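Trainee: Pasting in a structure now, in structure tokens, and then I'll have a few things to ask.
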Amino acid sequence: MPSAKRQIAALTATLLLAAPWATAEARGLNEGYVAIGEGTRSCLEFVQTRGKGGINEQRFITWLEGYLSAVNLTTDNTWSILGARDLRYALNWLEGHCRQNPTQAFSDAAAALTVQLYPGRYNMPPTRP
């Protein structure tokens with residue numbers, strides 16, 4: 001029987017692929033993978049949605065949540081790539097990065113975020129008191 005982690009990953013991938021706004025384009029670091037959905041959009045487009053609410057901003061947020069979840073699933077010794085940080089931190093970091101790199105694909109900006117987050121990741125669940 002497949003592990004719960006793999007079942008969740010399969011369900012997440014299915015939902016992302018089924019989303020009506022999902023588009024596929026070959027983009028990414030050194031063209032080494034295919035980004036889908038909002039990952040194919042530019043950093044400028046992300047920055048233009050920030051703080052406005054609505055569906056366009058939510059699409060970027062939802063895409064990022066899926067991306068970070070996939071990083072947690074596929075990266076060895078990683079329980080949470082965010083570590084002690086939260087999604088708000090990630091979004092603010094991406095906004096600053098994207099303002100400096102407006103033509104970069106959002107998926108590449110997310111990859112840069114994970115490189116920045118990696119040293120502070122949690123490799124196991126935090127202990128509870």
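To be explicit about the labels: the chains of the structure tokens are called A, B, and onward in the order shown, and within each one the residues are counted from 1, while ligands get numbers from 1 in the order they are shown.
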Need the shell around A:Pro125: protein/DNA/RNA residues with any atom at most 12 Å away, counting only C-alpha atoms. Skip same-chain ones fewer than 2 positions apart. Format as a VMD selection string?

Mentor: chain A and resid 72 77 to 84 121 to 123 127 to 128

Trainee: Skipping near chain neighbours, those fewer than 5 positions away, what residues fall within 9 Å of A:Thr103 using only C-alpha atoms, listed as a PyMOL selection string?

Mentor: chain A and resi 42-44+98

Trainee: Pick out the closest residue to A:Gly96 from this set: A:Met124, A:Gly39, A:Thr62, A:Arg50. Count only C-alpha atoms.

Mentor: A:Arg50

Trainee: From stretch 17-123 of chain A, collect each residue whose DSSP state is strand (DSSP E) and return the set as a VMD selection string.

Mentor: chain A and resid 24 to 25 35 to 36

Trainee: From a DSSP calculation on the backbone, collect every residue of stretch 35-104 of chain A in alpha helix (DSSP H) and output the set as a ChimeraX atom specification.

Mentor: /A:43-49,54-74,87-100

Trainee: Between A:Ile36, A:Ile55, A:Leu94, A:Ile61, which residue has the minimum interatomic distance to A:Ala110, considering only C-alpha atoms?

Mentor: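 Of all the options, A:Leu94 lies closest to A:Ala110.
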
Trainee: Would you mind reading off the distance between atom CA of A:Leu117 and atom CA of A:Gly54, one decimal, in Å?

Mentor: 27.3 Å

Trainee: Using only C-alpha atoms, which residues sit within 9 Å of A:Arg41 once same-chain residues fewer than 2 positions away are excluded, as a list in words?

Mentor: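 My list of contacting residues is Gly37, Glu38, Gly39, Cys43, Leu44, Glu45, Phe46, Gln104, Ala105, Phe106 and Ser107 of chain A.
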
Trainee: I'd like the interatomic distance between atom CA of A:Lys52 and atom CA of A:Asn92, to a tenth of an Å.

Mentor: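 Answer for the atom CA of A:Lys52 to atom CA of A:Asn92 separation: 14.0 Å.
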
Trainee: Rank A:Gln48, A:Ala35, A:Gln58, A:Leu73 by their smallest atom-to-atom distance to A:Pro102, using only C-alpha atoms, and report the top residue only.

Mentor: A:Gln48
